[in-house]
>>> print(open('structure02.pdb').read())   # PDB, C-alpha atoms and all ligand atoms
ATOM      1  CA  MET N1325      -6.233 -10.478  14.422
ATOM      2  CA  THR N1326      -7.344 -10.005  10.834
ATOM      3  CA  TYR N1327      -8.784  -6.628   9.986
ATOM      4  CA  PRO N1328     -11.259  -6.183   7.151
ATOM      5  CA  ILE N1329      -9.846  -4.212   4.215
ATOM      6  CA  VAL N1330     -11.259  -0.719   3.764
ATOM      7  CA  LYS N1331     -12.581  -0.144   0.245
ATOM      8  CA  TYR N1332     -12.219   2.754  -2.141
ATOM      9  CA  GLY N1333     -14.706   5.488  -1.240
ATOM     10  CA  ASP N1334     -13.726   5.575   2.424
ATOM     11  CA  PRO N1335     -12.088   8.970   3.108
ATOM     12  CA  VAL N1336      -9.339   7.346   5.228
ATOM     13  CA  LEU N1337      -7.766   6.113   1.977
ATOM     14  CA  GLU N1338      -7.430   9.602   0.561
ATOM     15  CA  LYS N1339      -5.864  11.512   3.391
ATOM     16  CA  GLN N1340      -2.315  11.975   4.555
ATOM     17  CA  ALA N1341      -1.538   9.399   7.251
ATOM     18  CA  GLU N1342       0.063  10.461  10.525
ATOM     19  CA  THR N1343       3.753  10.130  11.293
ATOM     20  CA  VAL N1344       4.626   7.400  13.796
ATOM     21  CA  THR N1345       6.569   8.729  16.790
ATOM     22  CA  GLU N1346       6.483   5.807  19.232
ATOM     23  CA  PHE N1347       8.606   2.757  18.559
ATOM     24  CA  GLY N1348       9.497  -0.492  20.251
ATOM     25  CA  THR N1349       6.164  -0.786  22.008
ATOM     26  CA  PRO N1350       4.179  -4.027  22.349
ATOM     27  CA  GLU N1351       1.260  -2.156  20.787
ATOM     28  CA  LEU N1352       3.283  -1.464  17.621
ATOM     29  CA  GLU N1353       4.564  -5.073  17.479
ATOM     30  CA  LYS N1354       1.012  -6.378  17.739
ATOM     31  CA  PHE N1355      -0.199  -3.939  15.124
ATOM     32  CA  LEU N1356       2.505  -5.038  12.660
ATOM     33  CA  GLU N1357       1.631  -8.677  13.268
ATOM     34  CA  ASP N1358      -2.018  -7.882  12.577
ATOM     35  CA  MET N1359      -1.079  -6.044   9.403
ATOM     36  CA  PHE N1360       0.818  -9.051   8.028
ATOM     37  CA  GLU N1361      -2.026 -11.346   9.036
ATOM     38  CA  SER N1362      -4.589  -9.096   7.330
ATOM     39  CA  MET N1363      -2.442  -8.824   4.207
ATOM     40  CA  TYR N1364      -1.977 -12.604   3.935
ATOM     41  CA  ALA N1365      -5.685 -13.198   4.518
ATOM     42  CA  ALA N1366      -6.387 -10.867   1.593
ATOM     43  CA  LYS N1367      -3.586 -12.472  -0.491
ATOM     44  CA  GLY N1368      -1.811  -9.188  -1.093
ATOM     45  CA  VAL N1369       1.872  -8.361  -1.498
ATOM     46  CA  GLY N1370       1.530  -5.034   0.305
ATOM     47  CA  LEU N1371      -0.744  -3.335   2.788
ATOM     48  CA  ALA N1372      -0.806   0.192   4.172
ATOM     49  CA  ALA N1373      -2.333   0.992   7.575
ATOM     50  CA  PRO N1374      -5.076   3.261   6.131
ATOM     51  CA  GLN N1375      -6.354   0.161   4.300
ATOM     52  CA  ILE N1376      -7.384  -1.268   7.641
ATOM     53  CA  GLY N1377      -8.765   2.089   8.735
ATOM     54  CA  VAL N1378      -5.732   3.284  10.694
ATOM     55  CA  SER N1379      -4.290   6.572   9.480
ATOM     56  CA  ARG N1380      -0.655   6.011  10.431
ATOM     57  CA  ARG N1381       2.436   5.941   8.237
ATOM     58  CA  ILE N1382       2.978   2.191   8.346
ATOM     59  CA  ALA N1383       3.110  -0.319   5.490
ATOM     60  CA  VAL N1384       4.039  -3.975   5.194
ATOM     61  CA  ILE N1385       5.248  -5.759   2.074
ATOM     62  CA  ASP N1386       5.929  -9.392   1.261
ATOM     63  CA  CYS N1387       6.449 -10.180  -2.414
ATOM     64  CA  SER N1388       6.488 -13.901  -1.550
ATOM     65  CA  VAL N1389       2.951 -13.659  -0.055
ATOM     66  CA  GLY N1390       3.942 -15.538   3.076
ATOM     67  CA  GLU N1391       6.183 -18.129   1.392
ATOM     68  CA  ASN N1392       9.509 -16.699   2.521
ATOM     69  CA  PRO N1393       9.823 -14.965   5.927
ATOM     70  CA  ALA N1394      13.026 -13.254   4.684
ATOM     71  CA  GLU N1395      10.915 -11.194   2.307
ATOM     72  CA  LYS N1396       8.816  -9.574   5.038
ATOM     73  CA  ILE N1397       9.373  -5.818   5.019
ATOM     74  CA  VAL N1398       8.073  -3.235   7.474
ATOM     75  CA  LEU N1399       8.133   0.395   6.388
ATOM     76  CA  ILE N1400       7.392   3.047   8.993
ATOM     77  CA  ASN N1401       7.376   6.707   7.940
ATOM     78  CA  PRO N1402       8.753   5.732   4.500
ATOM     79  CA  GLU N1403      10.061   8.216   1.986
ATOM     80  CA  ILE N1404      11.017   7.491  -1.597
ATOM     81  CA  ILE N1405      14.506   8.862  -2.088
ATOM     82  CA  ARG N1406      15.461   7.570  -5.537
ATOM     83  CA  VAL N1407      13.630   6.325  -8.609
ATOM     84  CA  GLU N1408      15.449   4.968 -11.661
ATOM     85  CA  GLY N1409      14.176   3.637 -14.960
ATOM     86  CA  LYS N1410      10.631   2.722 -15.889
ATOM     87  CA  GLN N1411       8.481  -0.379 -15.858
ATOM     88  CA  LYS N1412       5.050  -0.954 -17.305
ATOM     89  CA  GLY N1413       2.837  -3.515 -15.679
ATOM     90  CA  GLU N1414      -0.551  -4.343 -14.275
ATOM     91  CA  GLU N1415      -1.316  -3.091 -10.825
ATOM     92  CA  GLY N1416      -4.179  -3.690  -8.473
ATOM     93  CA  CYS N1417      -5.074  -2.731  -4.921
ATOM     94  CA  LEU N1418      -6.793  -4.669  -2.143
ATOM     95  CA  SER N1419      -8.955  -1.580  -1.555
ATOM     96  CA  ILE N1420     -10.170  -1.598  -5.179
ATOM     97  CA  PRO N1421     -10.901  -5.302  -5.660
ATOM     98  CA  GLY N1422     -11.788  -6.627  -9.077
ATOM     99  CA  PHE N1423      -9.841  -4.024 -11.033
ATOM    100  CA  ARG N1424      -6.356  -4.088 -12.516
ATOM    101  CA  GLU N1425      -4.788  -1.534 -14.808
ATOM    102  CA  GLU N1426      -1.465  -0.933 -16.434
ATOM    103  CA  VAL N1427       0.595   1.616 -14.487
ATOM    104  CA  VAL N1428       4.017   2.970 -15.401
ATOM    105  CA  ARG N1429       6.300   3.067 -12.353
ATOM    106  CA  GLY N1430       9.978   3.356 -11.575
ATOM    107  CA  GLN N1431      11.937   0.173 -12.201
ATOM    108  CA  LYS N1432      14.443   0.580  -9.374
ATOM    109  CA  VAL N1433      13.389   2.422  -6.255
ATOM    110  CA  THR N1434      15.127   3.282  -3.010
ATOM    111  CA  VAL N1435      13.074   3.898   0.092
ATOM    112  CA  ARG N1436      14.206   5.303   3.435
ATOM    113  CA  ALA N1437      12.097   4.214   6.387
ATOM    114  CA  GLN N1438      12.164   3.259  10.044
ATOM    115  CA  ASN N1439      11.740  -0.234  11.447
ATOM    116  CA  ALA N1440       9.694  -1.283  14.484
ATOM    117  CA  ARG N1441      12.512  -0.138  16.792
ATOM    118  CA  GLY N1442      12.665   3.282  15.145
ATOM    119  CA  GLU N1443      15.974   2.632  13.370
ATOM    120  CA  THR N1444      16.313   4.307   9.995
ATOM    121  CA  PHE N1445      17.305   2.146   7.024
ATOM    122  CA  GLU N1446      17.424   2.360   3.259
ATOM    123  CA  MET N1447      16.408  -0.371   0.885
ATOM    124  CA  THR N1448      16.505  -0.639  -2.895
ATOM    125  CA  GLY N1449      14.090  -2.811  -4.793
ATOM    126  CA  GLU N1450      13.492  -3.620  -8.428
ATOM    127  CA  ASP N1451      10.497  -4.759 -10.451
ATOM    128  CA  LEU N1452       7.608  -5.873  -8.201
ATOM    129  CA  LEU N1453       9.322  -4.686  -5.009
ATOM    130  CA  ALA N1454       9.988  -1.250  -6.535
ATOM    131  CA  ARG N1455       6.337  -1.073  -7.531
ATOM    132  CA  ALA N1456       5.269  -2.052  -4.005
ATOM    133  CA  PHE N1457       7.465   0.652  -2.423
ATOM    134  CA  LEU N1458       5.829   3.273  -4.620
ATOM    135  CA  HIS N1459       2.281   1.922  -4.286
ATOM    136  CA  GLU N1460       2.408   1.631  -0.471
ATOM    137  CA  THR N1461       4.133   4.975   0.069
ATOM    138  CA  ASP N1462       1.465   6.558  -2.145
ATOM    139  CA  HIS N1463      -1.204   5.059   0.163
ATOM    140  CA  LEU N1464       0.329   6.852   3.149
ATOM    141  CA  ASN N1465       0.050  10.104   1.216
ATOM    142  CA  GLY N1466      -3.619   9.464   0.475
ATOM    143  CA  ARG N1467      -2.911   8.518  -3.103
ATOM    144  CA  LEU N1468      -4.352   5.473  -4.874
ATOM    145  CA  TYR N1469      -2.915   3.823  -7.969
ATOM    146  CA  ILE N1470      -5.878   4.947 -10.050
ATOM    147  CA  SER N1471      -4.593   8.515  -9.690
ATOM    148  CA  HIS N1472      -1.781   7.439 -12.054
ATOM    149  CA  LEU N1473      -4.268   6.416 -14.769
ATOM    150  CA  SER N1474      -5.741   8.602 -17.477
ATOM    151  CA  ALA N1475      -8.839  10.544 -16.410
ATOM    152  CA  LEU N1476     -10.866   8.406 -18.793
ATOM    153  CA  LYS N1477      -9.809   5.104 -17.225
ATOM    154  CA  ARG N1478     -10.102   6.468 -13.707
ATOM    155  CA  ASP N1479     -13.651   7.744 -14.320
ATOM    156  CA  LEU N1480     -14.649   4.402 -15.770
ATOM    157  CA  ILE N1481     -13.496   2.639 -12.595
ATOM    158  CA  LYS N1482     -15.229   5.234 -10.414
ATOM    159  CA  ARG N1483     -18.475   4.722 -12.309
ATOM    160  CA  LYS N1484     -18.261   0.941 -11.954
ATOM    161  CA  VAL N1485     -17.524   1.261  -8.238
ATOM    162  CA  ARG N1486     -20.504   3.584  -7.787
ATOM    163  CA  LYS N1487     -22.712   0.975  -9.444
ATOM    164  CA  LEU N1488     -21.379  -1.723  -7.118
ATOM    165  CA  GLN N1489     -21.970   0.568  -4.125
ATOM    166  CA  LYS N1490     -25.585   1.128  -5.177
ATOM    167  CA  ALA N1491     -26.070  -2.617  -5.564
ATOM    168  CA  GLY N1492     -24.681  -3.096  -2.056
ATOM    169  CA  GLU N1493     -21.755  -5.092  -3.425
ATOM    170  CA  TRP N1494     -19.027  -2.748  -2.265
ATOM    171  CA  ALA N1495     -18.695  -2.619   1.500
TER     172      ALA N1495
HETATM  173 NI    NI N1501      -3.117  -0.599  -2.523
END
>>> encode(input="structure02.pdb", output="structure tokens", more="lines below")
Ligand code: NI
Amino acid sequence: MTYPIVKYGDPVLEKQAETVTEFGTPELEKFLEDMFESMYAAKGVGLAAPQIGVSRRIAVIDCSVGENPAEKIVLINPEIIRVEGKQKGEEGCLSIPGFREEVVRGQKVTVRAQNARGETFEMTGEDLLARAFLHETDHLNGRLYISHLSALKRDLIKRKVRKLQKAGEWA
């Protein structure tokens, strides 16, 4: 099933998500399937569970946006263990639709996570994938990409969002 994406302003997006302790269950399999489905429906390259209102440390990534099944990545309880270099580029978030800002991130990033069976693995990504590792892991720590912007830019976005909320165009 496709879940609606939770938008900025909902407290679930700004709290620490809970560690997953149960693996290999049909419930988890179904949840992961729903996460991919919800991400594709929203045309995103990454989605964290809090973005569908579920405060658990689970994220899915697919830089091919559904074009290449080999690029599907499930990260459960992920931790960033190495960041090398820097990249500058535009970043957006399904929970803050309509906005994109330049964010400096690591260029090459290694994440350690568990898969659906609870097995621990490490994966290194560069460019967009590195950015996705950082962006999605941030989500699980209650951190949004706008927290990496200058206070000025962040406040501008907050003000615009507040206006949209008042107009009933942000739900
Ligand atoms: Ni996001």
>>> atom_distance(input="structure02.pdb", atom1="atom CA of Val1428 of chain N", atom2="atom CA of Arg1380 of chain N")
26.4 Å
>>> residues_near_ligand(input="structure02.pdb", ligand="ligand NI 1501 (chain N)", cutoff="12 Å", atoms="all atoms listed in the file", output="PyMOL selection string")
chain N and resi 1329-1332+1337-1338+1363+1366+1368-1376+1383-1385+1415-1421+1423-1424+1455-1471
>>> resolve_selection(input="structure02.pdb", expression="the PyMOL selection byres (((chain N and resi 1494) around 10) and not hetatm)", output="list in words")
Lys1331, Tyr1332, Gly1333, Ile1420, Pro1421, Val1485, Arg1486, Lys1487, Leu1488, Gln1489, Lys1490, Ala1491, Gly1492, Glu1493 and Ala1495 of chain N
>>> residues_around(input="structure02.pdb", residues="Thr1345 of chain N", least_positions_apart="5", cutoff="12 Å", atoms="all atoms listed in the file", output="list of chain:residue names")
N:Leu1352, N:Arg1380, N:Arg1381, N:Ile1382, N:Ile1400, N:Asn1401, N:Gln1438, N:Asn1439, N:Ala1440, N:Arg1441, N:Gly1442, N:Glu1443
>>> resolve_selection(input="structure02.pdb", expression="the PyMOL selection byres (((chain N and resi 1435) around 6) and not hetatm)", output="list in words")
Glu1403, Ile1404, Ile1405, Thr1434, Arg1436, Glu1446 and Met1447 of chain N
>>> residues_near_point(input="structure02.pdb", point="(10.0, -9.6, 8.0)", cutoff="10 Å", atoms="all atoms listed in the file", output="PDB file with C-alpha atoms, keeping the file's coordinate frame")
ATOM      1  CA  LEU N1356       2.505  -5.038  12.660  1.00  0.00           C
ATOM      2  CA  GLU N1357       1.631  -8.677  13.268  1.00  0.00           C
ATOM      3  CA  PHE N1360       0.818  -9.051   8.028  1.00  0.00           C
ATOM      4  CA  VAL N1384       4.039  -3.975   5.194  1.00  0.00           C
ATOM      5  CA  ILE N1385       5.248  -5.759   2.074  1.00  0.00           C
ATOM      6  CA  ASP N1386       5.929  -9.392   1.261  1.00  0.00           C
ATOM      7  CA  GLY N1390       3.942 -15.538   3.076  1.00  0.00           C
ATOM      8  CA  ASN N1392       9.509 -16.699   2.521  1.00  0.00           C
ATOM      9  CA  PRO N1393       9.823 -14.965   5.927  1.00  0.00           C
ATOM     10  CA  ALA N1394      13.026 -13.254   4.684  1.00  0.00           C
ATOM     11  CA  GLU N1395      10.915 -11.194   2.307  1.00  0.00           C
ATOM     12  CA  LYS N1396       8.816  -9.574   5.038  1.00  0.00           C
ATOM     13  CA  ILE N1397       9.373  -5.818   5.019  1.00  0.00           C
ATOM     14  CA  VAL N1398       8.073  -3.235   7.474  1.00  0.00           C
TER      15      VAL N1398
END
>>> closest_residue(input="structure02.pdb", among="N:Val1344, N:Val1407, N:Leu1399, N:Leu1476", to="Glu1450 of chain N", atoms="only C-alpha atoms")
N:Val1407
>>> atom_distance(input="structure02.pdb", atom1="atom CA of Lys1354 of chain N", atom2="atom CA of Met1325 of chain N")
9.0 Å
>>> residues_around(input="structure02.pdb", residues="Arg1429 of chain N", least_positions_apart="4", cutoff="7 Å", atoms="all atoms listed in the file", output="list of chain:residue names")
N:Lys1410, N:Gln1411, N:Lys1412, N:Arg1455
>>> build_atoms(input="structure02.pdb", residues="segment 1381-1416 of chain N", atoms="N, CA and C atoms", output="PDB file, keeping the file's coordinate frame")
ATOM      1  N   ARG N1381       1.503   6.190   9.336  1.00  0.00           N
ATOM      2  CA  ARG N1381       2.436   5.941   8.237  1.00  0.00           C
ATOM      3  C   ARG N1381       3.173   4.613   8.420  1.00  0.00           C
ATOM      4  N   ILE N1382       2.431   3.540   8.200  1.00  0.00           N
ATOM      5  CA  ILE N1382       2.978   2.191   8.346  1.00  0.00           C
ATOM      6  C   ILE N1382       2.518   1.350   7.155  1.00  0.00           C
ATOM      7  N   ALA N1383       3.468   0.609   6.559  1.00  0.00           N
ATOM      8  CA  ALA N1383       3.110  -0.319   5.490  1.00  0.00           C
ATOM      9  C   ALA N1383       3.898  -1.605   5.661  1.00  0.00           C
ATOM     10  N   VAL N1384       3.323  -2.701   5.219  1.00  0.00           N
ATOM     11  CA  VAL N1384       4.039  -3.975   5.194  1.00  0.00           C
ATOM     12  C   VAL N1384       4.023  -4.500   3.764  1.00  0.00           C
ATOM     13  N   ILE N1385       5.093  -5.206   3.422  1.00  0.00           N
ATOM     14  CA  ILE N1385       5.248  -5.759   2.074  1.00  0.00           C
ATOM     15  C   ILE N1385       5.806  -7.173   2.205  1.00  0.00           C
ATOM     16  N   ASP N1386       5.321  -8.061   1.368  1.00  0.00           N
ATOM     17  CA  ASP N1386       5.929  -9.392   1.261  1.00  0.00           C
ATOM     18  C   ASP N1386       5.647  -9.915  -0.141  1.00  0.00           C
ATOM     19  N   CYS N1387       6.632  -9.766  -1.012  1.00  0.00           N
ATOM     20  CA  CYS N1387       6.449 -10.180  -2.414  1.00  0.00           C
ATOM     21  C   CYS N1387       6.295 -11.687  -2.543  1.00  0.00           C
ATOM     22  N   SER N1388       6.646 -12.444  -1.492  1.00  0.00           N
ATOM     23  CA  SER N1388       6.488 -13.901  -1.550  1.00  0.00           C
ATOM     24  C   SER N1388       5.110 -14.337  -1.037  1.00  0.00           C
ATOM     25  N   VAL N1389       4.280 -13.393  -0.620  1.00  0.00           N
ATOM     26  CA  VAL N1389       2.951 -13.659  -0.055  1.00  0.00           C
ATOM     27  C   VAL N1389       2.985 -14.759   1.012  1.00  0.00           C
ATOM     28  N   GLY N1390       3.910 -14.621   1.946  1.00  0.00           N
ATOM     29  CA  GLY N1390       3.942 -15.538   3.076  1.00  0.00           C
ATOM     30  C   GLY N1390       4.779 -16.787   2.870  1.00  0.00           C
ATOM     31  N   GLU N1391       5.385 -16.931   1.685  1.00  0.00           N
ATOM     32  CA  GLU N1391       6.183 -18.129   1.392  1.00  0.00           C
ATOM     33  C   GLU N1391       7.584 -18.059   1.991  1.00  0.00           C
ATOM     34  N   ASN N1392       8.131 -16.858   2.069  1.00  0.00           N
ATOM     35  CA  ASN N1392       9.509 -16.699   2.521  1.00  0.00           C
ATOM     36  C   ASN N1392       9.618 -15.579   3.567  1.00  0.00           C
ATOM     37  N   PRO N1393       9.795 -15.970   4.839  1.00  0.00           N
ATOM     38  CA  PRO N1393       9.823 -14.965   5.927  1.00  0.00           C
ATOM     39  C   PRO N1393      10.893 -13.889   5.711  1.00  0.00           C
ATOM     40  N   ALA N1394      11.955 -14.218   4.934  1.00  0.00           N
ATOM     41  CA  ALA N1394      13.026 -13.254   4.684  1.00  0.00           C
ATOM     42  C   ALA N1394      12.556 -12.085   3.824  1.00  0.00           C
ATOM     43  N   GLU N1395      11.406 -12.261   3.185  1.00  0.00           N
ATOM     44  CA  GLU N1395      10.915 -11.194   2.307  1.00  0.00           C
ATOM     45  C   GLU N1395       9.919 -10.258   2.991  1.00  0.00           C
ATOM     46  N   LYS N1396       9.731 -10.462   4.300  1.00  0.00           N
ATOM     47  CA  LYS N1396       8.816  -9.574   5.038  1.00  0.00           C
ATOM     48  C   LYS N1396       9.487  -8.219   5.260  1.00  0.00           C
ATOM     49  N   ILE N1397       8.814  -7.160   4.870  1.00  0.00           N
ATOM     50  CA  ILE N1397       9.373  -5.818   5.019  1.00  0.00           C
ATOM     51  C   ILE N1397       8.374  -4.923   5.753  1.00  0.00           C
ATOM     52  N   VAL N1398       8.884  -4.216   6.745  1.00  0.00           N
ATOM     53  CA  VAL N1398       8.073  -3.235   7.474  1.00  0.00           C
ATOM     54  C   VAL N1398       8.609  -1.858   7.129  1.00  0.00           C
ATOM     55  N   LEU N1399       7.736  -0.985   6.691  1.00  0.00           N
ATOM     56  CA  LEU N1399       8.133   0.395   6.388  1.00  0.00           C
ATOM     57  C   LEU N1399       7.340   1.340   7.286  1.00  0.00           C
ATOM     58  N   ILE N1400       8.050   2.053   8.155  1.00  0.00           N
ATOM     59  CA  ILE N1400       7.392   3.047   8.993  1.00  0.00           C
ATOM     60  C   ILE N1400       7.932   4.422   8.599  1.00  0.00           C
ATOM     61  N   ASN N1401       7.041   5.358   8.412  1.00  0.00           N
ATOM     62  CA  ASN N1401       7.376   6.707   7.940  1.00  0.00           C
ATOM     63  C   ASN N1401       8.250   6.665   6.678  1.00  0.00           C
ATOM     64  N   PRO N1402       7.880   5.870   5.677  1.00  0.00           N
ATOM     65  CA  PRO N1402       8.753   5.732   4.500  1.00  0.00           C
ATOM     66  C   PRO N1402       8.758   6.971   3.612  1.00  0.00           C
ATOM     67  N   GLU N1403       9.898   7.136   2.965  1.00  0.00           N
ATOM     68  CA  GLU N1403      10.061   8.216   1.986  1.00  0.00           C
ATOM     69  C   GLU N1403      10.779   7.617   0.788  1.00  0.00           C
ATOM     70  N   ILE N1404      10.332   7.941  -0.381  1.00  0.00           N
ATOM     71  CA  ILE N1404      11.017   7.491  -1.597  1.00  0.00           C
ATOM     72  C   ILE N1404      12.173   8.463  -1.850  1.00  0.00           C
ATOM     73  N   ILE N1405      13.380   7.943  -1.896  1.00  0.00           N
ATOM     74  CA  ILE N1405      14.506   8.862  -2.088  1.00  0.00           C
ATOM     75  C   ILE N1405      15.168   8.752  -3.456  1.00  0.00           C
ATOM     76  N   ARG N1406      14.880   7.666  -4.192  1.00  0.00           N
ATOM     77  CA  ARG N1406      15.461   7.570  -5.537  1.00  0.00           C
ATOM     78  C   ARG N1406      14.595   6.661  -6.420  1.00  0.00           C
ATOM     79  N   VAL N1407      14.392   7.113  -7.637  1.00  0.00           N
ATOM     80  CA  VAL N1407      13.630   6.325  -8.609  1.00  0.00           C
ATOM     81  C   VAL N1407      14.419   6.300  -9.906  1.00  0.00           C
ATOM     82  N   GLU N1408      14.692   5.100 -10.413  1.00  0.00           N
ATOM     83  CA  GLU N1408      15.449   4.968 -11.661  1.00  0.00           C
ATOM     84  C   GLU N1408      14.693   4.083 -12.641  1.00  0.00           C
ATOM     85  N   GLY N1409      14.755   4.453 -13.899  1.00  0.00           N
ATOM     86  CA  GLY N1409      14.176   3.637 -14.960  1.00  0.00           C
ATOM     87  C   GLY N1409      12.660   3.618 -14.924  1.00  0.00           C
ATOM     88  N   LYS N1410      12.094   2.811 -15.794  1.00  0.00           N
ATOM     89  CA  LYS N1410      10.631   2.722 -15.889  1.00  0.00           C
ATOM     90  C   LYS N1410      10.220   1.288 -16.115  1.00  0.00           C
ATOM     91  N   GLN N1411       9.070   0.924 -15.573  1.00  0.00           N
ATOM     92  CA  GLN N1411       8.481  -0.379 -15.858  1.00  0.00           C
ATOM     93  C   GLN N1411       6.990  -0.176 -16.086  1.00  0.00           C
ATOM     94  N   LYS N1412       6.465  -0.979 -17.005  1.00  0.00           N
ATOM     95  CA  LYS N1412       5.050  -0.954 -17.305  1.00  0.00           C
ATOM     96  C   LYS N1412       4.495  -2.274 -16.808  1.00  0.00           C
ATOM     97  N   GLY N1413       3.402  -2.249 -16.107  1.00  0.00           N
ATOM     98  CA  GLY N1413       2.837  -3.515 -15.679  1.00  0.00           C
ATOM     99  C   GLY N1413       1.489  -3.321 -15.022  1.00  0.00           C
ATOM    100  N   GLU N1414       0.769  -4.408 -14.888  1.00  0.00           N
ATOM    101  CA  GLU N1414      -0.551  -4.343 -14.275  1.00  0.00           C
ATOM    102  C   GLU N1414      -0.438  -4.169 -12.785  1.00  0.00           C
ATOM    103  N   GLU N1415      -1.327  -3.346 -12.257  1.00  0.00           N
ATOM    104  CA  GLU N1415      -1.316  -3.091 -10.825  1.00  0.00           C
ATOM    105  C   GLU N1415      -2.752  -3.153 -10.320  1.00  0.00           C
ATOM    106  N   GLY N1416      -2.874  -3.660  -9.109  1.00  0.00           N
ATOM    107  CA  GLY N1416      -4.179  -3.690  -8.473  1.00  0.00           C
ATOM    108  C   GLY N1416      -4.023  -3.225  -7.045  1.00  0.00           C
TER     109      GLY N1416
END
